[in-house]
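Colleague: What follows is a single structure, and I will ask about it in a moment.
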Amino acid sequence: MKARYLTFFSYIGTGFRSSEKIWLKENRNLPDPESVQGMMELSLLKLRSLNYPNVTLSSRTDGGVHALKSSAHFDLERYGTQIYDANNISYLMNRYFFVNNIGIIVKQCLRVSDNFNARFNATSRRYLYRLAVLKKDVVIPENVSIANVIPVEEWKRCHFIRLAEFDIEKFKEGAKHLEGYHDFSTFKKFDKLLQHKHNRRELKSVTIRAGKPVVTAHTESRGSAFDYWDIEFHGRAFVHNQIRRMVGTLISVAIGKLQPDDVKVMLQIPSKHSWHSFIQNCPSDGLYLCEVEYDPKDLFYDPDTTVESETLVES
């Protein structure tokens, strides 16, 4: 009996090349321990299902991007009329990750309809970019690295910058132009093979609020050298590198290299030629996939059609 499952999980992106596997000659069954998708498939292989447990991710992210709550679906088949128990799937996957020191945690596993798709059934996604700006009253000599004042607990967890003339109000003003339905071609990493693919997306909201460092009490007692900002993006889907490029553009606005209205022009003339070469594409370290949202009725599976499940034993 075959059944489809949806799993919600978290991971630390610094340990992986990317979220997606590398596809070789369209052979989906090749293992790839350097990707989130590949490691999830390796953990599911421990169940010894009749089929190879191909995992379909809801969101494709670059290496270094973290996930607080991502999702994926997969099919599992076993002999007879029984199916795998969802809670036991979570337990065995987490045990595999823990024993092998892998930064993935499965939060929940649900049985869903056979036509459910973790990617295409998603109604929206929320991303967070964490930015830390050196305070104006903190003076660091030019020949001293900013790393001297970065909390070690925040290593590869936040984007730290030292820009003397950073204006958060200009940053917010530029962000307002990004909201709405636009062609985001200017903010996409150019790919010659996909240059004709449409890049129109709706960015429902951009929320900017004061953040705080994720540090121990010892580090916190010494005071912070940075102002932390949380930039949250809410939309159904995003083009490749869109969020990191948008944040880089807004930083250029905040330091005066661009005017807030220049962001509007970059949207009105969607092209790689509208991208300014001095804009820095922000690193993936500060980017978090916070949540993938679904219509609750899509997650409901009618119990009247559910075959009997039994506690599985790992072989």
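Labels used: A, B, ... for chains in the order of the structure tokens, numbers from 1 for residues in each chain, and numbers from 1 for ligands as shown.
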Please provide as JSON, numbers by chain all residues within 10 Å of A:Arg162, with the sequence filter that same-chain residues fewer than 4 positions apart are discarded (counting only C-alpha atoms).

Modeller: {"A": [132, 133, 134, 135, 136, 138, 139, 140, 145, 146, 166, 226]}

Colleague: Could you take the residues named above and write them with C-alpha atoms, as a short mmCIF file (atom, residue, chain, number, x, y, z; two decimals), in the first residue's frame?

Modeller:
data_model
loop_
_atom_site.label_atom_id
_atom_site.label_comp_id
_atom_site.auth_asym_id
_atom_site.auth_seq_id
_atom_site.Cartn_x
_atom_site.Cartn_y
_atom_site.Cartn_z
CA ALA A 132 23.23 43.87 11.97
CA VAL A 133 24.66 47.38 11.48
CA LEU A 134 27.62 48.64 13.50
CA LYS A 135 26.43 51.37 15.88
CA LYS A 136 27.50 54.91 15.01
CA VAL A 138 31.27 52.31 18.07
CA VAL A 139 34.58 53.19 16.45
CA ILE A 140 36.76 50.47 14.96
CA SER A 145 38.32 43.64 11.22
CA ILE A 146 34.65 43.89 12.12
CA PHE A 166 23.29 53.85 7.34
CA PHE A 226 25.40 46.44 16.56
#

Colleague: Apply DSSP to the structure's backbone, then extract all residues of stretch 205-294 of chain A labelled alpha helix (DSSP H) and return them as a list in words.

Modeller: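 Of stretch 205-294 of chain A, only Ala217, His218, Thr219, Glu220, Gln242, Ile243, Arg244, Arg245, Met246, Val247, Gly248, Thr249, Leu250, Ile251, Ser252, Val253, Ala254, Pro260, Asp261, Asp262, Val263, Lys264, Val265, Met266, Leu267 and Gln268 of chain A fall in alpha helix (DSSP H).
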
Colleague: Output N, CA, C and O atoms of each residue in that selection to a file, as a compact mmCIF listing (two decimals), in the first residue's frame.

Modeller:
# COMPACT_ATOMS: atom_id res chain seq x y z
N ALA A 217 23.99 34.72 27.86
CA ALA A 217 23.91 35.76 28.87
C ALA A 217 25.27 36.43 29.09
O ALA A 217 25.35 37.63 29.35
N HIS A 218 26.33 35.65 28.97
CA HIS A 218 27.67 36.20 29.16
C HIS A 218 27.98 37.27 28.11
O HIS A 218 28.46 38.36 28.44
N THR A 219 27.71 36.96 26.85
CA THR A 219 27.96 37.93 25.78
C THR A 219 27.02 39.11 25.88
O THR A 219 27.41 40.26 25.66
N GLU A 220 25.76 38.86 26.24
CA GLU A 220 24.78 39.93 26.34
C GLU A 220 25.15 40.93 27.42
O GLU A 220 24.92 42.14 27.27
N GLN A 242 16.12 36.58 -5.15
CA GLN A 242 15.34 37.82 -5.06
C GLN A 242 15.50 38.52 -3.72
O GLN A 242 15.76 39.72 -3.67
N ILE A 243 15.36 37.78 -2.62
CA ILE A 243 15.39 38.41 -1.31
C ILE A 243 16.77 38.98 -1.01
O ILE A 243 16.91 40.13 -0.55
N ARG A 244 17.82 38.23 -1.28
CA ARG A 244 19.17 38.70 -1.01
C ARG A 244 19.52 39.92 -1.85
O ARG A 244 20.21 40.84 -1.39
N ARG A 245 19.02 39.98 -3.07
CA ARG A 245 19.27 41.13 -3.93
C ARG A 245 18.43 42.34 -3.50
O ARG A 245 18.88 43.48 -3.59
N MET A 246 17.22 42.09 -3.04
CA MET A 246 16.40 43.20 -2.55
C MET A 246 17.03 43.83 -1.31
O MET A 246 17.05 45.06 -1.19
N VAL A 247 17.52 43.01 -0.40
CA VAL A 247 18.15 43.55 0.80
C VAL A 247 19.41 44.33 0.43
O VAL A 247 19.67 45.42 0.96
N GLY A 248 20.21 43.81 -0.51
CA GLY A 248 21.40 44.54 -0.96
C GLY A 248 21.04 45.88 -1.58
O GLY A 248 21.74 46.89 -1.36
N THR A 249 19.94 45.92 -2.33
CA THR A 249 19.48 47.17 -2.93
C THR A 249 19.06 48.16 -1.86
O THR A 249 19.40 49.35 -1.91
N LEU A 250 18.32 47.69 -0.85
CA LEU A 250 17.86 48.58 0.22
C LEU A 250 19.02 49.09 1.06
O LEU A 250 18.97 50.21 1.58
N ILE A 251 20.07 48.30 1.21
CA ILE A 251 21.27 48.79 1.91
C ILE A 251 21.90 49.93 1.13
O ILE A 251 22.33 50.94 1.72
N SER A 252 21.94 49.81 -0.20
CA SER A 252 22.47 50.89 -1.04
C SER A 252 21.62 52.15 -0.91
O SER A 252 22.14 53.28 -0.96
N VAL A 253 20.30 51.97 -0.73
CA VAL A 253 19.43 53.12 -0.50
C VAL A 253 19.73 53.73 0.87
O VAL A 253 19.80 54.96 1.01
N ALA A 254 19.94 52.90 1.88
CA ALA A 254 20.17 53.37 3.24
C ALA A 254 21.45 54.18 3.38
O ALA A 254 21.56 55.05 4.25
N PRO A 260 15.37 56.22 -2.75
CA PRO A 260 14.25 55.28 -2.61
C PRO A 260 13.46 55.09 -3.91
O PRO A 260 13.04 53.97 -4.23
N ASP A 261 13.27 56.15 -4.68
CA ASP A 261 12.52 56.05 -5.94
C ASP A 261 13.25 55.24 -7.00
O ASP A 261 12.63 54.79 -7.97
N ASP A 262 14.56 55.08 -6.83
CA ASP A 262 15.32 54.26 -7.80
C ASP A 262 14.86 52.80 -7.75
O ASP A 262 14.96 52.08 -8.76
N VAL A 263 14.37 52.36 -6.61
CA VAL A 263 13.85 51.00 -6.48
C VAL A 263 12.63 50.84 -7.39
O VAL A 263 12.46 49.80 -8.05
N LYS A 264 11.79 51.87 -7.44
CA LYS A 264 10.61 51.84 -8.31
C LYS A 264 11.02 51.71 -9.77
O LYS A 264 10.42 50.95 -10.53
N VAL A 265 12.07 52.43 -10.17
CA VAL A 265 12.54 52.38 -11.55
C VAL A 265 13.06 50.98 -11.89
O VAL A 265 12.82 50.46 -12.98
N MET A 266 13.74 50.34 -10.94
CA MET A 266 14.26 48.99 -11.16
C MET A 266 13.14 47.99 -11.39
O MET A 266 13.31 46.98 -12.08
N LEU A 267 11.97 48.27 -10.82
CA LEU A 267 10.80 47.42 -11.01
C LEU A 267 10.07 47.76 -12.31
O LEU A 267 9.56 46.88 -13.00
N GLN A 268 10.04 49.04 -12.64
CA GLN A 268 9.34 49.49 -13.85
C GLN A 268 10.07 49.09 -15.12
O GLN A 268 9.45 48.91 -16.17

Colleague: Which of these residues is nearest to A:His240, using only C-alpha atoms: A:His198, A:His276, A:Arg60, A:Arg125?

Modeller: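 For A:His240, the nearest of the given residues is A:Arg60.
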
Colleague: According to DSSP computed on the backbone, where in stretch 28-101 of chain A is there strand (DSSP E)? Give the residues as a list in words.

Modeller: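 Filtering stretch 28-101 of chain A to strand (DSSP E) leaves Thr56, Leu57, His66, Ala67, Leu68, Lys69, Ser70, Ser71, Ala72, His73, Phe74, Asp75, Leu76, Glu77, Ile83 and Tyr84 of chain A.
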
Colleague: From the list A:Ser43, A:Asn241, A:Ser284, A:Gln108, which residue is nearest A:His66 when using only C-alpha atoms?

Modeller: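 Checking each candidate against A:His66, we get A:Ser284 as the closest.
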
Colleague: Quick one: residues within 6 Å of stretch 77-81 of chain A, only C-alpha atoms, excluding same-chain residues fewer than 6 positions away - as JSON, numbers by chain?

Modeller: {"A": [1, 2, 49, 50, 51]}
